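Enquirer: My file is model38.cif. It has mmCIF, C-alpha atoms and all ligand atoms:
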data_data
#
loop_
_atom_site.label_atom_id
_atom_site.label_comp_id
_atom_site.auth_asym_id
_atom_site.auth_seq_id
_atom_site.Cartn_x
_atom_site.Cartn_y
_atom_site.Cartn_z
CA MET N 1 -101.35 22.02 -2.43
CA ALA N 2 -99.77 25.04 -0.86
CA LEU N 3 -97.55 27.76 -2.28
CA VAL N 4 -97.79 28.01 -6.07
CA PRO N 5 -96.82 30.45 -8.84
CA MET N 6 -99.68 32.84 -9.50
CA LYS N 7 -99.50 32.01 -13.20
CA ASP N 8 -100.69 28.44 -12.49
CA LEU N 9 -103.83 29.80 -10.82
CA LEU N 10 -104.50 32.20 -13.68
CA LEU N 11 -104.09 29.49 -16.32
CA ASP N 12 -106.47 27.18 -14.44
CA ALA N 13 -108.94 30.07 -14.18
CA GLU N 14 -108.56 30.64 -17.91
CA ARG N 15 -109.41 27.00 -18.62
CA GLY N 16 -112.30 26.96 -16.15
CA ASP N 17 -113.61 30.43 -16.98
CA TYR N 18 -113.65 31.86 -13.47
CA GLY N 19 -111.83 34.55 -11.47
CA VAL N 20 -109.37 34.12 -8.63
CA GLY N 21 -109.68 36.52 -5.72
CA ALA N 22 -106.53 38.38 -4.73
CA PHE N 23 -107.11 39.50 -1.16
CA SER N 24 -104.95 42.16 0.43
CA VAL N 25 -103.79 41.40 3.94
CA ALA N 26 -102.23 43.59 6.60
CA ASN N 27 -102.03 41.32 9.62
CA MET N 28 -102.41 37.75 10.82
CA GLU N 29 -106.18 37.95 11.33
CA MET N 30 -106.71 38.82 7.66
CA ILE N 31 -104.39 36.03 6.54
CA LEU N 32 -106.13 33.48 8.77
CA GLY N 33 -109.58 34.61 7.64
CA ALA N 34 -108.69 34.47 3.93
CA VAL N 35 -107.08 31.04 4.10
CA ARG N 36 -109.95 29.63 6.14
CA ALA N 37 -112.47 30.84 3.55
CA ALA N 38 -110.47 29.38 0.66
CA GLU N 39 -110.01 26.04 2.40
CA GLU N 40 -113.66 25.79 3.33
CA LEU N 41 -114.81 26.57 -0.22
CA ARG N 42 -111.97 24.54 -1.80
CA SER N 43 -110.89 27.56 -3.79
CA PRO N 44 -107.49 28.73 -5.04
CA LEU N 45 -106.38 31.96 -3.38
CA ILE N 46 -104.02 34.87 -3.90
CA LEU N 47 -102.72 36.63 -0.78
CA GLN N 48 -101.25 40.04 -1.53
CA VAL N 49 -99.80 43.11 0.09
CA ALA N 50 -99.20 46.45 -1.66
CA GLN N 51 -95.92 48.31 -1.39
CA ILE N 52 -97.73 51.43 -0.13
CA ARG N 53 -98.97 49.43 2.91
CA LEU N 54 -95.54 48.24 3.99
CA PRO N 55 -94.97 51.04 6.52
CA TYR N 56 -97.79 49.36 8.51
CA SER N 57 -96.97 45.74 7.67
CA PRO N 58 -93.19 45.55 7.10
CA LEU N 59 -92.31 43.14 4.33
CA PRO N 60 -89.72 41.09 6.28
CA ILE N 61 -92.43 40.38 8.88
CA ILE N 62 -95.66 40.04 6.86
CA ALA N 63 -93.99 38.08 4.03
CA PRO N 64 -92.94 35.04 6.10
CA MET N 65 -96.42 34.99 7.64
CA MET N 66 -98.12 35.03 4.23
CA LEU N 67 -95.74 32.39 2.87
CA ALA N 68 -96.17 30.13 5.89
CA ALA N 69 -99.96 30.41 5.60
CA ALA N 70 -99.71 29.46 1.91
CA LYS N 71 -97.40 26.51 2.55
CA ASN N 72 -99.67 25.15 5.23
CA ALA N 73 -102.90 25.62 3.31
CA SER N 74 -104.78 22.66 1.88
CA VAL N 75 -105.59 24.66 -1.28
CA PRO N 76 -103.19 26.31 -3.76
CA VAL N 77 -102.16 29.80 -2.68
CA ALA N 78 -100.02 32.35 -4.52
CA VAL N 79 -98.30 35.14 -2.60
CA HIS N 80 -98.14 38.41 -4.52
CA LEU N 81 -96.66 41.91 -4.17
CA ASP N 82 -99.38 44.35 -5.19
CA HIS N 83 -98.48 47.69 -6.84
CA GLY N 84 -94.71 47.27 -6.71
CA LYS N 85 -93.37 50.76 -7.37
CA THR N 86 -89.63 50.30 -6.92
CA LEU N 87 -87.26 47.63 -8.19
CA ASP N 88 -85.73 47.35 -4.71
CA CYS N 89 -89.05 46.39 -3.16
CA ILE N 90 -89.81 43.94 -5.95
CA ALA N 91 -86.34 42.37 -5.55
CA GLU N 92 -86.92 42.01 -1.81
CA ALA N 93 -90.31 40.34 -2.31
CA LEU N 94 -88.83 37.87 -4.80
CA GLU N 95 -85.92 37.10 -2.50
CA LEU N 96 -88.34 36.48 0.38
CA GLY N 97 -90.17 33.92 -1.75
CA PHE N 98 -93.19 35.71 -3.24
CA THR N 99 -94.43 33.71 -6.21
CA SER N 100 -95.69 36.80 -8.01
CA VAL N 101 -94.96 40.52 -8.24
CA MET N 102 -96.66 43.51 -9.79
CA ILE N 103 -94.71 46.30 -11.40
CA ASP N 104 -96.94 49.33 -11.48
CA ALA N 105 -95.37 51.78 -13.92
CA SER N 106 -98.77 52.82 -15.22
CA ASP N 107 -98.07 56.47 -14.40
CA ARG N 108 -95.15 56.52 -16.85
CA PRO N 109 -95.26 56.84 -20.63
CA ILE N 110 -95.79 53.47 -22.30
CA GLU N 111 -92.13 53.21 -23.46
CA GLU N 112 -90.98 53.58 -19.86
CA ASN N 113 -93.66 51.17 -18.65
CA VAL N 114 -92.42 48.60 -21.17
CA ARG N 115 -88.78 49.13 -20.15
CA LEU N 116 -89.46 48.69 -16.42
CA THR N 117 -91.83 45.77 -16.91
CA LYS N 118 -89.18 44.01 -19.02
CA GLN N 119 -86.65 44.52 -16.24
CA VAL N 120 -89.04 43.02 -13.69
CA ARG N 121 -89.80 40.12 -16.05
CA GLU N 122 -86.08 39.28 -16.09
CA MET N 123 -85.81 39.58 -12.30
CA ALA N 124 -88.87 37.38 -11.73
CA ASP N 125 -87.72 34.75 -14.21
CA ARG N 126 -84.73 34.01 -11.97
CA TYR N 127 -87.25 32.88 -9.33
CA GLY N 128 -89.87 31.32 -11.59
CA ALA N 129 -92.25 34.03 -10.42
CA THR N 130 -95.25 35.55 -12.18
CA VAL N 131 -95.43 39.20 -13.24
CA GLU N 132 -98.44 41.51 -13.37
CA ALA N 133 -98.20 44.99 -14.94
CA GLU N 134 -100.69 47.78 -15.53
CA VAL N 135 -101.79 49.98 -18.41
CA GLY N 136 -103.89 53.11 -17.93
CA GLN N 137 -104.48 54.84 -14.62
CA ILE N 138 -106.99 53.57 -12.09
CA GLY N 139 -107.39 57.11 -10.72
CA VAL N 140 -107.21 56.57 -6.97
CA SER N 141 -104.07 55.19 -5.27
CA GLU N 142 -104.14 51.77 -3.62
CA ASP N 143 -104.59 53.31 -0.17
CA GLY N 144 -107.53 55.35 -1.45
CA LYS N 145 -105.79 58.61 -0.47
CA LYS N 146 -104.32 60.07 -3.63
CA GLU N 147 -106.70 60.98 -6.37
CA GLY N 148 -105.20 61.44 -9.82
CA GLU N 149 -106.52 61.55 -13.32
CA ARG N 150 -108.40 58.45 -14.41
CA ILE N 151 -107.11 57.27 -17.76
CA TYR N 152 -108.76 54.25 -19.39
CA SER N 153 -106.39 51.58 -20.64
CA ASP N 154 -105.61 51.82 -24.31
CA PRO N 155 -106.11 48.26 -25.61
CA PHE N 156 -103.31 48.74 -28.16
CA GLU N 157 -100.93 49.65 -25.35
CA VAL N 158 -102.10 46.56 -23.44
CA LYS N 159 -101.18 44.50 -26.53
CA ARG N 160 -97.84 46.25 -26.85
CA LEU N 161 -96.96 45.72 -23.18
CA LYS N 162 -97.81 42.05 -23.46
CA GLU N 163 -95.87 41.47 -26.65
CA GLU N 164 -92.79 43.44 -25.71
CA THR N 165 -92.41 42.18 -22.14
CA GLY N 166 -93.91 38.69 -21.95
CA VAL N 167 -95.78 39.71 -18.81
CA ASP N 168 -98.28 37.15 -17.44
CA ALA N 169 -101.22 39.40 -16.56
CA ILE N 170 -102.18 43.03 -17.10
CA ALA N 171 -104.34 45.22 -14.87
CA LEU N 172 -106.78 47.49 -16.65
CA SER N 173 -108.35 50.83 -15.93
CA ILE N 174 -111.98 50.55 -17.04
CA GLY N 175 -113.68 52.90 -14.59
CA ASN N 176 -112.65 50.94 -11.51
CA ALA N 177 -111.03 52.66 -8.51
CA HIS N 178 -109.33 51.72 -5.26
CA GLY N 179 -111.04 52.48 -1.95
CA LEU N 180 -114.69 53.40 -1.64
CA TYR N 181 -116.49 54.54 -4.79
CA LYS N 182 -117.99 58.00 -4.46
CA GLU N 183 -120.75 56.98 -6.82
CA GLU N 184 -121.87 53.74 -8.42
CA PRO N 185 -118.97 52.49 -10.59
CA ARG N 186 -119.74 52.48 -14.30
CA LEU N 187 -117.36 50.09 -15.98
CA ASN N 188 -116.32 50.46 -19.59
CA PHE N 189 -116.72 46.92 -20.88
CA GLU N 190 -115.61 47.95 -24.38
CA VAL N 191 -112.06 48.56 -23.11
CA LEU N 192 -112.08 45.12 -21.49
CA LYS N 193 -113.47 43.46 -24.62
CA LYS N 194 -110.96 45.06 -26.95
CA SER N 195 -108.01 44.38 -24.60
CA ARG N 196 -109.01 40.76 -24.37
CA GLU N 197 -109.49 40.42 -28.13
CA LEU N 198 -106.07 41.86 -28.80
CA THR N 199 -104.20 39.85 -26.17
CA GLY N 200 -106.22 36.75 -25.19
CA MET N 201 -104.36 36.96 -21.88
CA PRO N 202 -105.49 36.86 -18.22
CA LEU N 203 -106.54 40.38 -17.22
CA VAL N 204 -106.77 41.88 -13.75
CA LEU N 205 -109.47 44.00 -12.11
CA HIS N 206 -108.35 46.26 -9.28
CA GLY N 207 -110.70 48.17 -6.99
CA GLY N 208 -112.98 45.22 -6.24
CA THR N 209 -114.67 46.75 -3.20
CA GLY N 210 -117.97 48.28 -4.29
CA ILE N 211 -118.28 46.54 -7.67
CA SER N 212 -121.66 44.85 -8.06
CA ASP N 213 -121.97 41.05 -8.28
CA ALA N 214 -123.35 41.41 -11.81
CA ASP N 215 -120.39 43.54 -12.95
CA PHE N 216 -117.89 41.13 -11.37
CA LYS N 217 -119.48 38.31 -13.34
CA LYS N 218 -119.52 40.30 -16.55
CA CYS N 219 -115.83 41.16 -16.07
CA ILE N 220 -114.96 37.50 -15.51
CA GLN N 221 -116.90 36.49 -18.63
CA GLY N 222 -114.86 39.13 -20.44
CA GLY N 223 -111.48 37.69 -19.42
CA ILE N 224 -110.73 39.08 -15.95
CA ARG N 225 -108.94 36.25 -14.11
CA LYS N 226 -107.58 38.03 -11.02
CA VAL N 227 -109.86 40.22 -8.94
CA ASN N 228 -108.36 42.44 -6.25
CA VAL N 229 -110.20 43.11 -3.01
CA ALA N 230 -108.64 45.16 -0.22
CA THR N 231 -110.85 47.85 1.34
CA GLY N 232 -113.72 45.42 2.01
CA THR N 233 -111.49 43.28 4.20
CA PHE N 234 -109.89 46.25 5.96
CA MET N 235 -113.34 47.64 6.75
CA ALA N 236 -114.61 44.27 7.94
CA VAL N 237 -111.72 43.91 10.37
CA GLU N 238 -112.11 47.48 11.59
CA GLN N 239 -115.82 46.80 12.06
CA ALA N 240 -114.93 43.74 14.13
CA ALA N 241 -112.82 45.93 16.43
CA ARG N 242 -115.69 48.43 16.75
CA GLU N 243 -118.20 45.70 17.58
CA TYR N 244 -115.85 44.30 20.14
CA ALA N 245 -115.20 47.72 21.67
CA ALA N 246 -118.95 48.25 22.05
CA GLU N 247 -119.13 45.16 24.25
CA ASP N 248 -118.41 45.41 27.92
CA ARG N 249 -115.58 42.87 27.93
CA ARG N 250 -111.82 42.83 27.86
CA ASP N 251 -110.36 39.87 26.00
CA TYR N 252 -107.89 40.54 23.22
CA PHE N 253 -108.07 37.01 21.87
CA ARG N 254 -111.82 37.14 21.43
CA MET N 255 -111.38 40.38 19.51
CA SER N 256 -108.68 38.82 17.33
CA ALA N 257 -110.92 35.84 16.57
CA HIS N 258 -113.77 38.20 15.68
CA MET N 259 -111.49 40.11 13.29
CA ALA N 260 -110.44 36.90 11.56
CA GLU N 261 -114.09 35.88 11.38
CA LEU N 262 -115.22 39.06 9.60
CA ALA N 263 -112.24 38.89 7.21
CA TYR N 264 -113.27 35.29 6.48
CA GLU N 265 -116.85 36.35 5.73
CA ASN N 266 -115.72 39.00 3.26
CA VAL N 267 -113.34 36.66 1.43
CA LYS N 268 -115.92 33.87 1.34
CA LYS N 269 -118.55 36.16 -0.16
CA HIS N 270 -116.18 37.19 -2.95
CA ILE N 271 -114.90 33.69 -3.72
CA ARG N 272 -118.51 32.66 -4.34
CA ILE N 273 -119.10 35.59 -6.71
CA PHE N 274 -115.86 34.95 -8.61
CA GLY N 275 -116.84 31.33 -9.28
CA SER N 276 -113.66 29.74 -7.92
CA GLU N 277 -115.47 27.63 -5.30
CA GLY N 278 -114.56 23.95 -5.69
CA LYS N 279 -111.78 24.70 -8.18
CA ALA N 280 -108.90 23.80 -5.86
CA GLU N 281 -109.06 20.10 -6.68
P1 LIG R 301 -110.22 47.86 -3.19
O1 LIG R 301 -109.48 48.44 -2.03
O2 LIG R 301 -111.13 48.82 -3.85
O3 LIG R 301 -110.89 46.58 -2.87
O4 LIG R 301 -109.11 47.55 -4.32
C1 LIG R 301 -108.13 46.59 -4.07
C2 LIG R 301 -107.04 46.64 -5.05
O5 LIG R 301 -107.27 46.81 -6.22
C3 LIG R 301 -105.69 46.42 -4.57
O6 LIG R 301 -104.75 46.64 -5.56
#
Represent the structure contained in this file as structure tokens.
Ligand code: 13P
Expert:
Amino acid sequence: MALVPMKDLLLDAERGDYGVGAFSVANMEMILGAVRAAEELRSPLILQVAQIRLPYSPLPIIAPMMLAAAKNASVPVAVHLDHGKTLDCIAEALELGFTSVMIDASDRPIEENVRLTKQVREMADRYGATVEAEVGQIGVSEDGKKEGERIYSDPFEVKRLKEETGVDAIALSIGNAHGLYKEEPRLNFEVLKKSRELTGMPLVLHGGTGISDADFKKCIQGGIRKVNVATGTFMAVEQAAREYAAEDRRDYFRMSAHMAELAYENVKKHIRIFGSEGKAE
């Protein structure tokens, strides 16, 4: 099993009609929790870290940890750079051994998005790595801090990006958002349907935290093959620290184990919803 190109997981998901969870990690507890959940449920897994988080989890340190966890796992695991914004960062992730990278040029005009995505496609091909790109604007930045305009993906631009770059997966903006939703998310399934009809390719849903089980399932039926979850795990681990702090004990290792446990619970819950349980064999 172990470290695999993300494309392999997406193609298997395509054949089996399920979604693969891409879980953001920031430290060892989150990595341990995610891998434990995937192994227990015999599910494929994507471990990812976003460029914007690297000031907290430096790539040269978190990358070897993610890769080692993948190599030692008894299920297939892809290691992915989420929201790559600069070619330098993407090059570094590829050189470190990531099996997948995202180029997020969704804030640029489509011509520019195509040009940059093509460049990343060429870089990734030298490593046999998978490439994810994005069309439309999800509205809230990956760290939930910067709120911009939400622009739904234009399915014709999704088609154009696919055809002109040969990218493996495309993330859509269909009313999803990173971080916590201020109100109940209302997804635009028409955009998903049209994008899928025009491309027939694996599509990606960002902003997983806060999406209902029913909407996750509907998205997966509509061709979403990679589902990103970050905030839910970060909150679970923070909650673990709070619960520990409320106790009258001092034992770092118990706290660390509790953090890994709550990360595990969150990942496990999502793997079950995405339908990838038992698909590792
Ligand atoms: P959430 O933080 O909303 O789960 O979104 C994760 C994500 O899409 C990472 O790119």
Enquirer: Determine the axis-aligned bounding box of all atoms of ligand LIG 301 (chain R) present in the file, pad each side by 4 Å, and express its centre and edge lengths in Å to one decimal place as AutoDock Vina command-line options.
Expert:
--center_x -107.9 --center_y 47.6 --center_z -4.1 --size_x 14.4 --size_y 10.4 --size_z 12.2
Enquirer: Counting only C-alpha atoms, which residue out of N:Ala245, N:Ala68, N:Ala263, N:Val101 sits closest to Lys85 of chain N?
Expert: N:Val101
Enquirer: Leaving out Glu163 of chain N and any residue of its chain fewer than 2 positions from it, which residues lie within 12 Å of it when counting all atoms listed in the file, given as a PyMOL selection string?
Expert: chain N and resi 114+117-118+156-161+165-170+198-201
Enquirer: Report as JSON lines: every residue of chain N with an atom at most 7 Å from ligand LIG 301 (chain R), its closest pair of atoms, and their distance in Å to one decimal, counting only C-alpha atoms and all ligand atoms, with rows sorted by chain and ascending residue number.
Expert:
{"residue": "N:Ser24", "atom": "CA", "partner": "R:LIG301", "partner_atom": "C3", "distance": 6.6}
{"residue": "N:Ala50", "atom": "CA", "partner": "R:LIG301", "partner_atom": "O6", "distance": 6.8}
{"residue": "N:Asp82", "atom": "CA", "partner": "R:LIG301", "partner_atom": "O6", "distance": 5.8}
{"residue": "N:His83", "atom": "CA", "partner": "R:LIG301", "partner_atom": "O6", "distance": 6.5}
{"residue": "N:Glu142", "atom": "CA", "partner": "R:LIG301", "partner_atom": "O6", "distance": 5.5}
{"residue": "N:Ala177", "atom": "CA", "partner": "R:LIG301", "partner_atom": "O2", "distance": 6.0}
{"residue": "N:His178", "atom": "CA", "partner": "R:LIG301", "partner_atom": "O2", "distance": 3.7}
{"residue": "N:Gly179", "atom": "CA", "partner": "R:LIG301", "partner_atom": "O2", "distance": 4.1}
{"residue": "N:Leu180", "atom": "CA", "partner": "R:LIG301", "partner_atom": "O2", "distance": 6.2}
{"residue": "N:Leu205", "atom": "CA", "partner": "R:LIG301", "partner_atom": "O5", "distance": 6.9}
{"residue": "N:His206", "atom": "CA", "partner": "R:LIG301", "partner_atom": "O5", "distance": 3.3}
{"residue": "N:Gly207", "atom": "CA", "partner": "R:LIG301", "partner_atom": "O4", "distance": 3.2}
{"residue": "N:Gly208", "atom": "CA", "partner": "R:LIG301", "partner_atom": "O3", "distance": 4.2}
{"residue": "N:Thr209", "atom": "CA", "partner": "R:LIG301", "partner_atom": "O3", "distance": 3.8}
{"residue": "N:Gly210", "atom": "CA", "partner": "R:LIG301", "partner_atom": "O2", "distance": 6.9}
{"residue": "N:Asn228", "atom": "CA", "partner": "R:LIG301", "partner_atom": "O5", "distance": 4.5}
{"residue": "N:Val229", "atom": "CA", "partner": "R:LIG301", "partner_atom": "O3", "distance": 3.5}
{"residue": "N:Ala230", "atom": "CA", "partner": "R:LIG301", "partner_atom": "O3", "distance": 3.8}
{"residue": "N:Thr231", "atom": "CA", "partner": "R:LIG301", "partner_atom": "O1", "distance": 3.7}
{"residue": "N:Gly232", "atom": "CA", "partner": "R:LIG301", "partner_atom": "O3", "distance": 5.8}
Enquirer: Restrict the selected residues to C-alpha atoms and save them as a compact mmCIF listing (two decimals), in the coordinates of the input.
Expert:
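Output file again-v5.txt is given in full below:
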# COMPACT_ATOMS: atom_id res chain seq x y z
CA SER N 24 -104.95 42.16 0.43
CA ALA N 50 -99.20 46.45 -1.66
CA ASP N 82 -99.38 44.35 -5.19
CA HIS N 83 -98.48 47.69 -6.84
CA GLU N 142 -104.14 51.77 -3.62
CA ALA N 177 -111.03 52.66 -8.51
CA HIS N 178 -109.33 51.72 -5.26
CA GLY N 179 -111.04 52.48 -1.95
CA LEU N 180 -114.69 53.40 -1.64
CA LEU N 205 -109.47 44.00 -12.11
CA HIS N 206 -108.35 46.26 -9.28
CA GLY N 207 -110.70 48.17 -6.99
CA GLY N 208 -112.98 45.22 -6.24
CA THR N 209 -114.67 46.75 -3.20
CA GLY N 210 -117.97 48.28 -4.29
CA ASN N 228 -108.36 42.44 -6.25
CA VAL N 229 -110.20 43.11 -3.01
CA ALA N 230 -108.64 45.16 -0.22
CA THR N 231 -110.85 47.85 1.34
CA GLY N 232 -113.72 45.42 2.01
Enquirer: Using only C-alpha atoms, find the one residue out of N:Glu197, N:Glu149, N:Asp248, N:Asp8 that sits nearest to Leu45 of chain N.
Expert: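 Residue with the minimum atom-to-atom distance to Leu45 of chain N: N:Asp8.
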Enquirer: So that I can check the surroundings of Phe23 of chain N, please list as a PyMOL selection string every protein, DNA and RNA residue that reaches within 9 Å of it, counting all atoms listed in the file and ignoring chain neighbours fewer than 5 positions away.
Expert: chain N and resi 30-31+34+45-49+227-230+233+267
Enquirer: Which of these residues is nearest to Arg225 of chain N, using only C-alpha atoms: N:Glu132, N:Asp251, N:Glu243, N:Glu39?
Expert: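 That would be N:Glu132, the residue with the smallest distance to Arg225 of chain N.
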Enquirer: For the point (-111.1, 37.8, -15.4) in file coordinates, what residues are within 6 Å, counting all atoms listed in the file? Give the answer as a ChimeraX atom specification?
Expert: /N:19,203,219-220,223-226
Enquirer: What does the distance from atom CA of Ile90 of chain N to atom CA of Gly21 of chain N come to in Å, to one decimal?
Expert: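 About the pair atom CA of Ile90 of chain N and atom CA of Gly21 of chain N: they are 21.2 Å apart.
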Enquirer: Could you please determine the separation between atom CA of Ser74 of chain N and atom CA of Glu281 of chain N in Å, to one decimal place?
Expert: 9.9 Å
Enquirer: Identify, on the basis of all atoms listed in the file, every residue whose closest approach to segment 268-280 of chain N does not exceed 7 Å; exclude the query and any residue fewer than 3 positions from it along the same chain; express the result as an MDAnalysis selection string.
Expert: chainID N and resid 18:21 37 41:44 75:76 213 217 264:265
Enquirer: I need the residue nearest Ser141 of chain N from this list: N:Leu116, N:Ser106, N:Thr99, N:Pro64. Use only C-alpha atoms for the distance.
Expert: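 Among the listed residues, N:Ser106 lies closest to Ser141 of chain N.
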Enquirer: Quick one: of N:Arg196, N:Arg242, N:Arg36, N:Arg115, who's nearest to Gly222 of chain N, counting only C-alpha atoms?
Expert: N:Arg196
Enquirer: Interatomic distance between atom CA of Ser256 of chain N and atom CA of Ile61 of chain N?
Expert: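 Going from atom CA of Ser256 of chain N over to atom CA of Ile61 of chain N covers 18.4 Å.
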